[in-house]
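*Asks:* Right, I'll just put the structure down here and ask away after.
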Amino acid sequence: MSIVSNYDVIIIGAGAAGLFCAIEAGKRKKSVLLIEHEEKVGKKILISGGGRCNFTNLYASSENYISQNPHFCKSALARYTQHDFIELIEKHNIAYHEKKLGQLFCDSASKQIVNMLLVECEKVGVDIKVDCSVKSVEKKNNFVVKTNLGDFESGAVVIASGGLSIPKMGATSFGYKIAEQFGIKLTKTKPALVPLLLSKEDLQKFKNLSGVSIDTVVSNNEVSFRENILFTHKGLSGPAILQISSYLKDEEELKIDLIPDRDLSEIKNSTEKIELKTYLKNFFAERFTSVLSENYLKSKPLYQYNEKETEVVKNLLKNFTLNAIGDEGYEKAEVTLGGVDTDELSSKTMMAKKAVGLFFIGEVVDVTGWLGGYNFQWAWSSGHAAATSL
């Protein structure tokens, strides 16, 4: 098949990173082809944030990202910040609000973000092809991208194909295969921001707790997060669990402070005749206090607890430990940890050191953000970094 069209840059993957990179390249007078193998662009944007798109975070910094090289993301994040993206949102009169911890959401719907990106693409003449499957990417003098809609040529190719998370939204290993084709190393990938699975024994204890949410501090040997946990019929979810899942090693112990703002010292001097189980209802849903008293605590009137017994109760509630036996996999993971090794890329341009003109941006790269808008900010920032250096 002969070449259908020639472009300055072909961007593969029309998610957040690909769309934004196309806009920024178009602003710089580049001819841009944006290819998407699904039937529409921005599918993960549309489902994000419960349909309201948590599009960035007020406090985004390099501290909120996991990578084998923690310094890699600094350059891109500094050159296109959360405040730059907020300015774009405001220019398009998209109403938004801060939910908590700097997380910014659309007041209305995620499709406002996709529509905004499409308007910006149209403004700068980006050519978008959907239902377009890439068969191969070859480098001769220029790059030749062979697809089901014909062959296209360009001086540069940007891989914005994402990771392995949420395959029903079209996630594939395409980006990793292109990296390997050009001799670019990958770091190990695994599901991140993902619910955890518990053992049959623990599930038996917690079988009546599905849907119960508790404000906690969850930690491992590396980090801790103050957020809610949510019991599910398979194990644990909720913001604190999703956050810690990105850091958990296999079979590592999970430590949960169930009463972050209390130390229970009032029990020591209590003259109360109420049962411990009744007292704990001040903190927890009745279903959870029942599980605690049936499986972990002997409930008796507070005044009967001596100092040693009080410490046992306190230790249980401040250092409640569980072992996850796994996670719910890429189907339920919000992002993929790992990917294209950052040592193989320029942190300023996102271009591969071994392949001039080949760029990797967004989730396909070994940069993984926390829950709360950080991964979208990485998409905007890394897309901008590549576009400005084309």
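Ordered as shown in the structure tokens, chains take letters A, B, and onward, while each chain numbers its residues from 1 and ligands are numbered from 1 in the order shown.
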Counting only C-alpha atoms, what are the residues of stretch 115-229 of chain A within 7 Å of stretch 310-327 of chain A, and for each of them which pair of atoms is the nearest and at what distance in Å, to one decimal? Sort the table by chain and rising number, as CSV.
*Replies:*
residue,atom,partner,partner_atom,distance
A:Val194,CA,A:Asp327,CA,6.5
A:Pro195,CA,A:Asp327,CA,5.8
A:Leu196,CA,A:Asp327,CA,4.2
A:Leu197,CA,A:Asp327,CA,5.0
A:Leu198,CA,A:Ala324,CA,5.0
A:Ser199,CA,A:Ile325,CA,6.1
*Asks:* DSSP on the backbone, then: every residue of stretch 19-183 of chain A marked helix (DSSP H, G or I), written as a compact mmCIF listing (two decimals) with all heavy atoms, in the first residue's frame.
*Replies:*
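Ended up saving to result.txt:
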# COMPACT_ATOMS: atom_id res chain seq x y z
N LEU A 19 -4.24 13.45 23.09
CA LEU A 19 -5.03 14.61 22.68
C LEU A 19 -4.30 15.91 23.02
O LEU A 19 -4.22 16.83 22.20
CB LEU A 19 -6.39 14.59 23.39
CG LEU A 19 -7.44 13.64 22.82
CD1 LEU A 19 -8.54 13.35 23.84
CD2 LEU A 19 -8.06 14.20 21.54
N PHE A 20 -3.74 15.96 24.22
CA PHE A 20 -3.09 17.20 24.64
C PHE A 20 -1.80 17.46 23.85
O PHE A 20 -1.52 18.60 23.46
CB PHE A 20 -2.80 17.19 26.14
CG PHE A 20 -2.57 18.56 26.68
CD1 PHE A 20 -3.63 19.44 26.80
CD2 PHE A 20 -1.30 19.00 27.03
CE1 PHE A 20 -3.43 20.74 27.27
CE2 PHE A 20 -1.10 20.27 27.51
CZ PHE A 20 -2.17 21.16 27.63
N CYS A 21 -1.07 16.40 23.59
CA CYS A 21 0.16 16.53 22.79
C CYS A 21 -0.19 17.03 21.38
O CYS A 21 0.51 17.89 20.82
CB CYS A 21 0.88 15.19 22.72
SG CYS A 21 2.47 15.25 21.89
N ALA A 22 -1.27 16.51 20.81
CA ALA A 22 -1.70 16.91 19.47
C ALA A 22 -2.02 18.41 19.43
O ALA A 22 -1.64 19.12 18.49
CB ALA A 22 -2.92 16.09 19.06
N ILE A 23 -2.73 18.87 20.46
CA ILE A 23 -3.08 20.30 20.54
C ILE A 23 -1.83 21.17 20.58
O ILE A 23 -1.68 22.13 19.82
CB ILE A 23 -3.94 20.57 21.80
CG1 ILE A 23 -5.30 19.89 21.67
CG2 ILE A 23 -4.09 22.07 22.06
CD1 ILE A 23 -6.04 19.72 23.00
N GLU A 24 -0.91 20.80 21.49
CA GLU A 24 0.30 21.61 21.66
C GLU A 24 1.20 21.57 20.42
O GLU A 24 1.84 22.56 20.07
CB GLU A 24 1.06 21.14 22.91
CG GLU A 24 0.33 21.42 24.22
CD GLU A 24 0.12 22.91 24.47
OE1 GLU A 24 1.04 23.71 24.21
OE2 GLU A 24 -0.98 23.28 24.92
N ALA A 25 1.24 20.42 19.74
CA ALA A 25 2.03 20.33 18.50
C ALA A 25 1.38 21.17 17.40
O ALA A 25 2.06 21.88 16.66
CB ALA A 25 2.14 18.88 18.05
N GLY A 26 0.04 21.11 17.34
CA GLY A 26 -0.69 21.91 16.36
C GLY A 26 -0.50 23.40 16.58
O GLY A 26 -0.37 24.18 15.62
N LYS A 27 -0.46 23.82 17.83
CA LYS A 27 -0.22 25.24 18.14
C LYS A 27 1.12 25.71 17.61
O LYS A 27 1.32 26.89 17.34
CB LYS A 27 -0.24 25.45 19.67
CG LYS A 27 -1.61 25.52 20.29
CD LYS A 27 -1.42 25.78 21.78
CE LYS A 27 -2.74 25.67 22.54
NZ LYS A 27 -2.51 25.77 24.00
N LYS A 43 -11.86 7.71 25.97
CA LYS A 43 -12.82 6.86 26.69
C LYS A 43 -12.53 6.79 28.20
O LYS A 43 -13.45 6.78 29.01
CB LYS A 43 -12.84 5.45 26.08
CG LYS A 43 -13.57 5.41 24.75
CD LYS A 43 -13.56 4.03 24.13
CE LYS A 43 -14.67 3.16 24.66
NZ LYS A 43 -14.80 1.89 23.89
N LYS A 44 -11.25 6.76 28.55
CA LYS A 44 -10.92 6.72 29.99
C LYS A 44 -11.21 8.06 30.67
O LYS A 44 -11.55 8.10 31.84
CB LYS A 44 -9.46 6.31 30.20
CG LYS A 44 -9.26 4.80 30.27
CD LYS A 44 -7.82 4.41 30.50
CE LYS A 44 -7.45 4.33 31.95
NZ LYS A 44 -6.10 3.79 32.18
N ILE A 45 -11.09 9.14 29.91
CA ILE A 45 -11.44 10.45 30.47
C ILE A 45 -12.93 10.45 30.83
O ILE A 45 -13.33 10.92 31.90
CB ILE A 45 -11.16 11.60 29.46
CG1 ILE A 45 -9.68 11.66 29.09
CG2 ILE A 45 -11.60 12.95 30.05
CD1 ILE A 45 -9.34 12.66 27.99
N LEU A 46 -13.74 9.91 29.94
CA LEU A 46 -15.21 9.93 30.12
C LEU A 46 -15.66 9.20 31.39
O LEU A 46 -16.60 9.63 32.05
CB LEU A 46 -15.90 9.34 28.90
CG LEU A 46 -15.82 10.18 27.62
CD1 LEU A 46 -16.31 9.39 26.42
CD2 LEU A 46 -16.61 11.47 27.76
N ILE A 47 -14.98 8.09 31.73
CA ILE A 47 -15.41 7.32 32.91
C ILE A 47 -14.70 7.77 34.20
O ILE A 47 -15.04 7.33 35.28
CB ILE A 47 -15.21 5.80 32.73
CG1 ILE A 47 -13.71 5.47 32.59
CG2 ILE A 47 -16.02 5.27 31.58
CD1 ILE A 47 -13.38 4.00 32.86
N SER A 48 -13.72 8.65 34.07
CA SER A 48 -12.90 9.01 35.23
C SER A 48 -13.68 9.85 36.24
O SER A 48 -14.62 10.56 35.88
CB SER A 48 -11.66 9.77 34.78
OG SER A 48 -12.05 11.02 34.23
N GLY A 49 -13.26 9.74 37.49
CA GLY A 49 -13.85 10.56 38.55
C GLY A 49 -15.34 10.38 38.70
O GLY A 49 -16.07 11.33 38.96
N GLY A 50 -15.80 9.14 38.50
CA GLY A 50 -17.24 8.87 38.60
C GLY A 50 -18.03 9.63 37.56
O GLY A 50 -19.18 10.02 37.78
N GLY A 51 -17.40 9.87 36.38
CA GLY A 51 -18.07 10.59 35.31
C GLY A 51 -17.92 12.10 35.38
O GLY A 51 -18.51 12.84 34.59
N SER A 62 6.33 16.48 42.10
CA SER A 62 7.03 15.21 41.85
C SER A 62 6.90 14.22 43.01
O SER A 62 7.05 13.01 42.82
CB SER A 62 8.51 15.47 41.55
OG SER A 62 9.13 16.08 42.67
N GLU A 63 6.59 14.74 44.21
CA GLU A 63 6.42 13.88 45.38
C GLU A 63 5.24 12.91 45.24
O GLU A 63 5.15 11.93 45.96
CB GLU A 63 6.18 14.72 46.65
CG GLU A 63 7.25 15.77 46.93
CD GLU A 63 8.60 15.16 47.19
OE1 GLU A 63 8.67 14.21 47.99
OE2 GLU A 63 9.58 15.61 46.58
N ASN A 64 4.33 13.22 44.33
CA ASN A 64 3.10 12.44 44.18
C ASN A 64 3.20 11.37 43.09
O ASN A 64 2.17 10.86 42.64
CB ASN A 64 1.92 13.36 43.87
CG ASN A 64 1.80 14.51 44.85
OD1 ASN A 64 2.01 15.66 44.49
ND2 ASN A 64 1.51 14.20 46.10
N LYS A 74 10.09 15.70 37.11
CA LYS A 74 10.18 17.09 37.59
C LYS A 74 10.16 18.12 36.46
O LYS A 74 9.47 19.13 36.53
CB LYS A 74 11.44 17.28 38.44
CG LYS A 74 11.35 16.61 39.80
CD LYS A 74 12.63 16.84 40.60
CE LYS A 74 12.51 16.22 41.99
NZ LYS A 74 13.75 16.33 42.77
N SER A 75 10.92 17.87 35.42
CA SER A 75 11.05 18.84 34.33
C SER A 75 9.72 19.10 33.65
O SER A 75 9.29 20.25 33.50
CB SER A 75 12.08 18.34 33.31
OG SER A 75 12.13 19.21 32.20
N ALA A 76 9.03 18.03 33.25
CA ALA A 76 7.75 18.18 32.55
C ALA A 76 6.71 18.84 33.45
O ALA A 76 5.97 19.73 33.00
CB ALA A 76 7.25 16.81 32.07
N LEU A 77 6.64 18.43 34.71
CA LEU A 77 5.65 18.99 35.64
C LEU A 77 5.90 20.47 35.90
O LEU A 77 4.95 21.25 36.10
CB LEU A 77 5.66 18.23 36.97
CG LEU A 77 5.14 16.79 36.95
CD1 LEU A 77 5.45 16.10 38.28
CD2 LEU A 77 3.64 16.74 36.67
N ALA A 78 7.17 20.88 35.88
CA ALA A 78 7.52 22.28 36.13
C ALA A 78 7.18 23.16 34.93
O ALA A 78 6.81 24.33 35.09
CB ALA A 78 9.00 22.40 36.47
N ARG A 79 7.27 22.60 33.73
CA ARG A 79 7.08 23.41 32.53
C ARG A 79 5.62 23.51 32.09
O ARG A 79 5.23 24.42 31.38
CB ARG A 79 7.98 22.92 31.39
CG ARG A 79 9.43 23.34 31.63
CD ARG A 79 10.37 22.92 30.54
NE ARG A 79 10.44 21.47 30.44
CZ ARG A 79 10.31 20.82 29.30
NH1 ARG A 79 10.08 21.46 28.17
NH2 ARG A 79 10.42 19.50 29.28
N GLN A 82 -0.28 22.33 36.92
CA GLN A 82 -1.72 22.24 37.16
C GLN A 82 -2.41 23.58 36.93
O GLN A 82 -3.55 23.64 36.45
CB GLN A 82 -2.03 21.70 38.56
CG GLN A 82 -1.46 22.49 39.72
CD GLN A 82 -0.07 22.04 40.14
OE1 GLN A 82 0.78 21.76 39.28
NE2 GLN A 82 0.19 21.98 41.44
N HIS A 83 -1.70 24.68 37.25
CA HIS A 83 -2.29 26.01 37.11
C HIS A 83 -2.46 26.37 35.63
O HIS A 83 -3.41 27.06 35.27
CB HIS A 83 -1.43 27.04 37.85
CG HIS A 83 -1.17 26.64 39.27
ND1 HIS A 83 -2.19 26.60 40.22
CD2 HIS A 83 -0.05 26.20 39.90
CE1 HIS A 83 -1.70 26.18 41.37
NE2 HIS A 83 -0.41 25.93 41.21
N ASP A 84 -1.56 25.87 34.80
CA ASP A 84 -1.69 26.08 33.35
C ASP A 84 -2.94 25.37 32.82
O ASP A 84 -3.68 25.92 32.01
CB ASP A 84 -0.45 25.56 32.61
CG ASP A 84 0.80 26.34 32.96
OD1 ASP A 84 0.71 27.57 33.05
OD2 ASP A 84 1.86 25.71 33.15
N PHE A 85 -3.18 24.16 33.30
CA PHE A 85 -4.35 23.42 32.81
C PHE A 85 -5.64 24.04 33.36
O PHE A 85 -6.64 24.12 32.65
CB PHE A 85 -4.27 21.93 33.19
CG PHE A 85 -5.27 21.10 32.43
CD1 PHE A 85 -5.06 20.76 31.11
CD2 PHE A 85 -6.46 20.69 33.04
CE1 PHE A 85 -5.99 20.02 30.39
CE2 PHE A 85 -7.40 19.95 32.33
CZ PHE A 85 -7.17 19.62 31.00
N ILE A 86 -5.61 24.50 34.60
CA ILE A 86 -6.79 25.17 35.18
C ILE A 86 -7.14 26.41 34.36
O ILE A 86 -8.32 26.70 34.11
CB ILE A 86 -6.53 25.53 36.67
CG1 ILE A 86 -6.43 24.26 37.52
CG2 ILE A 86 -7.63 26.45 37.22
CD1 ILE A 86 -5.83 24.46 38.90
N GLU A 87 -6.12 27.11 33.91
CA GLU A 87 -6.33 28.30 33.07
C GLU A 87 -7.08 27.93 31.78
O GLU A 87 -7.98 28.65 31.33
CB GLU A 87 -4.96 28.91 32.73
CG GLU A 87 -5.01 30.35 32.27
CD GLU A 87 -3.61 30.90 32.02
OE1 GLU A 87 -2.77 30.85 32.95
OE2 GLU A 87 -3.36 31.33 30.88
N LEU A 88 -6.70 26.79 31.20
CA LEU A 88 -7.37 26.32 29.98
C LEU A 88 -8.83 25.97 30.26
O LEU A 88 -9.74 26.33 29.49
CB LEU A 88 -6.63 25.09 29.42
CG LEU A 88 -7.22 24.44 28.17
CD1 LEU A 88 -7.21 25.42 26.98
CD2 LEU A 88 -6.48 23.16 27.82
N ILE A 89 -9.08 25.28 31.39
CA ILE A 89 -10.44 24.92 31.80
C ILE A 89 -11.30 26.19 31.95
O ILE A 89 -12.44 26.24 31.49
CB ILE A 89 -10.39 24.17 33.16
CG1 ILE A 89 -9.73 22.81 33.01
CG2 ILE A 89 -11.77 24.06 33.80
CD1 ILE A 89 -10.58 21.74 32.44
N GLU A 90 -10.71 27.20 32.59
CA GLU A 90 -11.46 28.44 32.84
C GLU A 90 -11.72 29.20 31.54
O GLU A 90 -12.78 29.82 31.38
CB GLU A 90 -10.70 29.30 33.85
CG GLU A 90 -10.73 28.68 35.25
CD GLU A 90 -9.89 29.42 36.28
OE1 GLU A 90 -9.06 30.27 35.88
OE2 GLU A 90 -10.04 29.13 37.49
N LYS A 91 -10.78 29.11 30.62
CA LYS A 91 -10.96 29.76 29.31
C LYS A 91 -12.18 29.18 28.58
O LYS A 91 -12.87 29.88 27.84
CB LYS A 91 -9.68 29.57 28.47
CG LYS A 91 -9.63 30.42 27.21
CD LYS A 91 -8.31 30.24 26.49
CE LYS A 91 -8.50 29.30 25.32
NZ LYS A 91 -7.27 29.05 24.55
N LYS A 111 -17.39 14.65 29.90
CA LYS A 111 -17.40 14.90 28.44
C LYS A 111 -17.04 16.35 28.13
O LYS A 111 -16.61 16.67 27.03
CB LYS A 111 -18.74 14.52 27.83
CG LYS A 111 -19.92 15.37 28.24
CD LYS A 111 -21.20 14.85 27.59
CE LYS A 111 -22.39 15.69 28.06
NZ LYS A 111 -23.66 15.12 27.62
N GLN A 112 -17.18 17.24 29.13
CA GLN A 112 -16.77 18.64 28.94
C GLN A 112 -15.26 18.72 28.66
O GLN A 112 -14.83 19.55 27.86
CB GLN A 112 -17.09 19.47 30.17
CG GLN A 112 -18.57 19.70 30.40
CD GLN A 112 -18.79 20.52 31.65
OE1 GLN A 112 -18.55 20.06 32.77
NE2 GLN A 112 -19.23 21.75 31.49
N ILE A 113 -14.49 17.87 29.34
CA ILE A 113 -13.03 17.86 29.13
C ILE A 113 -12.72 17.33 27.73
O ILE A 113 -11.91 17.91 27.00
CB ILE A 113 -12.32 17.01 30.20
CG1 ILE A 113 -12.63 17.52 31.62
CG2 ILE A 113 -10.81 16.96 29.95
CD1 ILE A 113 -12.07 18.89 31.94
N VAL A 114 -13.37 16.22 27.35
CA VAL A 114 -13.14 15.65 26.01
C VAL A 114 -13.56 16.66 24.94
O VAL A 114 -12.82 16.88 23.96
CB VAL A 114 -13.91 14.32 25.84
CG1 VAL A 114 -13.78 13.80 24.41
CG2 VAL A 114 -13.39 13.27 26.82
N ASN A 115 -14.72 17.29 25.11
CA ASN A 115 -15.19 18.28 24.13
C ASN A 115 -14.21 19.44 24.02
O ASN A 115 -13.92 19.93 22.91
CB ASN A 115 -16.58 18.80 24.49
CG ASN A 115 -17.65 17.73 24.33
OD1 ASN A 115 -17.43 16.73 23.66
ND2 ASN A 115 -18.80 17.94 24.94
N MET A 116 -13.69 19.90 25.16
CA MET A 116 -12.71 20.99 25.17
C MET A 116 -11.47 20.60 24.37
O MET A 116 -10.97 21.38 23.54
CB MET A 116 -12.31 21.32 26.61
CG MET A 116 -11.22 22.36 26.73
SD MET A 116 -10.56 22.49 28.42
CE MET A 116 -9.46 21.07 28.46
N LEU A 117 -10.98 19.38 24.60
CA LEU A 117 -9.78 18.93 23.90
C LEU A 117 -10.03 18.80 22.39
O LEU A 117 -9.17 19.15 21.57
CB LEU A 117 -9.31 17.59 24.49
CG LEU A 117 -8.84 17.64 25.96
CD1 LEU A 117 -8.64 16.24 26.51
CD2 LEU A 117 -7.56 18.45 26.11
N LEU A 118 -11.22 18.34 22.03
CA LEU A 118 -11.57 18.22 20.60
C LEU A 118 -11.69 19.60 19.94
O LEU A 118 -11.26 19.79 18.80
CB LEU A 118 -12.86 17.42 20.43
CG LEU A 118 -12.73 15.91 20.67
CD1 LEU A 118 -14.09 15.24 20.67
CD2 LEU A 118 -11.81 15.26 19.63
N VAL A 119 -12.27 20.55 20.65
CA VAL A 119 -12.37 21.92 20.13
C VAL A 119 -10.97 22.49 19.88
O VAL A 119 -10.69 23.10 18.85
CB VAL A 119 -13.17 22.83 21.10
CG1 VAL A 119 -12.98 24.31 20.78
CG2 VAL A 119 -14.65 22.48 21.08
N GLU A 120 -10.09 22.27 20.86
CA GLU A 120 -8.71 22.76 20.73
C GLU A 120 -7.98 22.06 19.57
O GLU A 120 -7.19 22.69 18.85
CB GLU A 120 -7.95 22.57 22.05
CG GLU A 120 -8.43 23.46 23.18
CD GLU A 120 -7.99 24.92 23.01
OE1 GLU A 120 -6.88 25.17 22.50
OE2 GLU A 120 -8.78 25.81 23.39
N CYS A 121 -8.25 20.76 19.39
CA CYS A 121 -7.64 20.02 18.26
C CYS A 121 -8.11 20.60 16.93
O CYS A 121 -7.31 20.80 16.00
CB CYS A 121 -8.02 18.54 18.32
SG CYS A 121 -7.03 17.56 19.47
N GLU A 122 -9.40 20.86 16.85
CA GLU A 122 -9.98 21.39 15.61
C GLU A 122 -9.39 22.76 15.28
O GLU A 122 -9.09 23.08 14.13
CB GLU A 122 -11.50 21.48 15.74
CG GLU A 122 -12.20 21.75 14.43
CD GLU A 122 -13.71 21.74 14.54
OE1 GLU A 122 -14.24 21.46 15.64
OE2 GLU A 122 -14.36 22.01 13.52
N LYS A 123 -9.21 23.56 16.33
CA LYS A 123 -8.69 24.92 16.17
C LYS A 123 -7.32 24.94 15.49
O LYS A 123 -7.01 25.86 14.73
CB LYS A 123 -8.58 25.55 17.57
CG LYS A 123 -9.01 27.01 17.65
CD LYS A 123 -8.69 27.58 19.01
CE LYS A 123 -9.76 27.26 20.03
NZ LYS A 123 -9.47 27.92 21.33
N PRO A 167 -8.86 -2.89 30.46
CA PRO A 167 -8.85 -3.36 29.08
C PRO A 167 -10.17 -3.16 28.33
O PRO A 167 -10.17 -2.99 27.12
CB PRO A 167 -8.50 -4.85 29.20
CG PRO A 167 -8.62 -5.19 30.64
CD PRO A 167 -8.47 -3.94 31.41
N LYS A 168 -11.28 -3.12 29.06
CA LYS A 168 -12.57 -2.91 28.37
C LYS A 168 -12.66 -1.51 27.76
O LYS A 168 -13.50 -1.26 26.90
CB LYS A 168 -13.75 -3.16 29.32
CG LYS A 168 -13.92 -2.13 30.42
CD LYS A 168 -15.10 -2.45 31.32
CE LYS A 168 -15.20 -1.41 32.44
NZ LYS A 168 -16.20 -1.76 33.44
N MET A 169 -11.78 -0.62 28.18
CA MET A 169 -11.70 0.71 27.58
C MET A 169 -10.68 0.75 26.44
O MET A 169 -10.36 1.81 25.93
CB MET A 169 -11.31 1.76 28.63
CG MET A 169 -12.36 2.04 29.65
SD MET A 169 -13.74 2.99 28.95
CE MET A 169 -15.07 1.84 29.20
N PHE A 174 0.38 -2.39 23.34
CA PHE A 174 0.96 -1.84 22.10
C PHE A 174 2.22 -1.00 22.35
O PHE A 174 3.24 -1.19 21.71
CB PHE A 174 -0.10 -0.99 21.36
CG PHE A 174 0.45 -0.27 20.16
CD1 PHE A 174 0.53 -0.91 18.92
CD2 PHE A 174 0.90 1.04 20.25
CE1 PHE A 174 1.06 -0.26 17.82
CE2 PHE A 174 1.43 1.70 19.15
CZ PHE A 174 1.50 1.05 17.93
N GLY A 175 2.12 -0.06 23.29
CA GLY A 175 3.24 0.85 23.53
C GLY A 175 4.50 0.13 23.98
O GLY A 175 5.62 0.50 23.59
N TYR A 176 4.32 -0.92 24.79
CA TYR A 176 5.47 -1.68 25.28
C TYR A 176 6.12 -2.45 24.12
O TYR A 176 7.35 -2.59 24.05
CB TYR A 176 5.05 -2.65 26.38
CG TYR A 176 4.28 -2.00 27.51
CD1 TYR A 176 3.15 -2.62 28.05
CD2 TYR A 176 4.67 -0.77 28.05
CE1 TYR A 176 2.44 -2.02 29.09
CE2 TYR A 176 3.96 -0.18 29.08
CZ TYR A 176 2.84 -0.81 29.60
OH TYR A 176 2.14 -0.23 30.62
N LYS A 177 5.29 -2.96 23.21
CA LYS A 177 5.82 -3.71 22.07
C LYS A 177 6.64 -2.80 21.14
O LYS A 177 7.68 -3.20 20.63
CB LYS A 177 4.67 -4.37 21.29
CG LYS A 177 4.07 -5.56 22.02
CD LYS A 177 2.84 -6.10 21.31
CE LYS A 177 2.25 -7.27 22.09
NZ LYS A 177 0.90 -7.63 21.60
N ILE A 178 6.16 -1.57 20.95
CA ILE A 178 6.93 -0.62 20.13
C ILE A 178 8.26 -0.30 20.80
O ILE A 178 9.30 -0.24 20.15
CB ILE A 178 6.11 0.68 19.89
CG1 ILE A 178 4.85 0.38 19.06
CG2 ILE A 178 6.96 1.75 19.20
CD1 ILE A 178 5.10 -0.14 17.65
N ALA A 179 8.22 -0.11 22.11
CA ALA A 179 9.47 0.16 22.85
C ALA A 179 10.46 -0.99 22.63
O ALA A 179 11.64 -0.76 22.29
CB ALA A 179 9.17 0.34 24.33
N GLU A 180 10.00 -2.21 22.81
CA GLU A 180 10.89 -3.38 22.65
C GLU A 180 11.42 -3.48 21.21
O GLU A 180 12.58 -3.83 21.00
CB GLU A 180 10.14 -4.66 23.04
CG GLU A 180 9.94 -4.75 24.56
CD GLU A 180 9.10 -5.96 24.97
OE1 GLU A 180 8.16 -6.32 24.23
OE2 GLU A 180 9.40 -6.54 26.04
N GLN A 181 10.56 -3.16 20.25
CA GLN A 181 10.98 -3.19 18.83
C GLN A 181 12.18 -2.29 18.59
O GLN A 181 13.08 -2.61 17.79
CB GLN A 181 9.80 -2.75 17.96
CG GLN A 181 10.13 -2.69 16.46
CD GLN A 181 9.01 -1.99 15.68
OE1 GLN A 181 7.84 -2.07 16.03
NE2 GLN A 181 9.40 -1.28 14.63
*Asks:* Excluding A:Tyr305 and its own-chain neighbours fewer than 2 positions away, which residues fall within 9 Å of it when counting only C-alpha atoms? Please give them as a CSV table (one decimal) with N, CA and C atoms, in the first residue's frame.
*Replies:*
chain,number,residue,atom,x,y,z
A,267,ILE,N,-10.4,5.3,78.3
A,267,ILE,CA,-10.8,4.0,78.9
A,267,ILE,C,-10.2,3.7,80.2
A,268,LYS,N,-8.9,4.0,80.3
A,268,LYS,CA,-8.1,3.7,81.5
A,268,LYS,C,-8.8,4.2,82.8
A,269,ASN,N,-9.3,5.4,82.7
A,269,ASN,CA,-9.8,6.0,83.9
A,269,ASN,C,-11.3,6.0,84.0
A,270,SER,N,-11.9,5.2,83.1
A,270,SER,CA,-13.4,5.2,82.9
A,270,SER,C,-14.1,4.6,84.1
A,300,LYS,N,-16.4,-6.1,77.5
A,300,LYS,CA,-16.9,-6.0,78.9
A,300,LYS,C,-17.0,-4.5,79.3
A,301,PRO,N,-17.6,-4.2,80.4
A,301,PRO,CA,-17.8,-2.8,80.8
A,301,PRO,C,-16.4,-2.1,80.9
A,302,LEU,N,-16.4,-0.8,80.5
A,302,LEU,CA,-15.2,-0.1,80.4
A,302,LEU,C,-14.4,0.0,81.7
A,303,TYR,N,-15.2,0.1,82.8
A,303,TYR,CA,-14.5,0.3,84.1
A,303,TYR,C,-13.7,-0.9,84.5
A,307,GLU,N,-4.9,-1.3,82.9
A,307,GLU,CA,-4.1,-0.6,81.9
A,307,GLU,C,-3.6,-1.5,80.8
A,308,LYS,N,-3.2,-2.7,81.2
A,308,LYS,CA,-2.7,-3.7,80.2
A,308,LYS,C,-3.7,-4.0,79.1
A,309,GLU,N,-5.0,-4.3,79.6
A,309,GLU,CA,-6.0,-4.6,78.7
A,309,GLU,C,-6.4,-3.5,77.8
A,310,THR,N,-6.3,-2.2,78.3
A,310,THR,CA,-6.6,-1.0,77.5
A,310,THR,C,-5.6,-0.9,76.4
*Asks:* What is the atom CA of A:Glu363-atom CA of A:Glu331 distance in Å, reported with one decimal?
*Replies:*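 Between these atoms lies a distance of 15.6 Å.
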*Asks:* I want to know what sits within 8 Å of A:Gln68, based on only C-alpha atoms, with residues of the same chain fewer than 6 positions away left out; could you give that as a ChimeraX atom specification?
*Replies:* /A:341-342,366
*Asks:* With N, CA, C and O atoms retained, write the just-selected residues as a compact mmCIF listing (two decimals), in the first residue's frame.
*Replies:*
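Saved as out.txt:
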# COMPACT_ATOMS: atom_id res chain seq x y z
N ASP A 341 11.13 2.43 30.54
CA ASP A 341 12.15 2.84 31.50
C ASP A 341 12.55 4.30 31.27
O ASP A 341 12.93 4.68 30.16
N THR A 342 12.45 5.11 32.31
CA THR A 342 12.75 6.54 32.16
C THR A 342 14.22 6.79 31.81
O THR A 342 14.56 7.83 31.24
N ASP A 366 7.15 4.80 32.76
CA ASP A 366 7.27 4.41 34.17
C ASP A 366 7.19 5.65 35.08
O ASP A 366 8.15 6.02 35.77
*Asks:* Which residues are near A:Ala352? Cut-off 12 Å, only C-alpha atoms, ignore same chain within fewer than 6 positions. Put them as a count of residues only.
*Replies:* 24
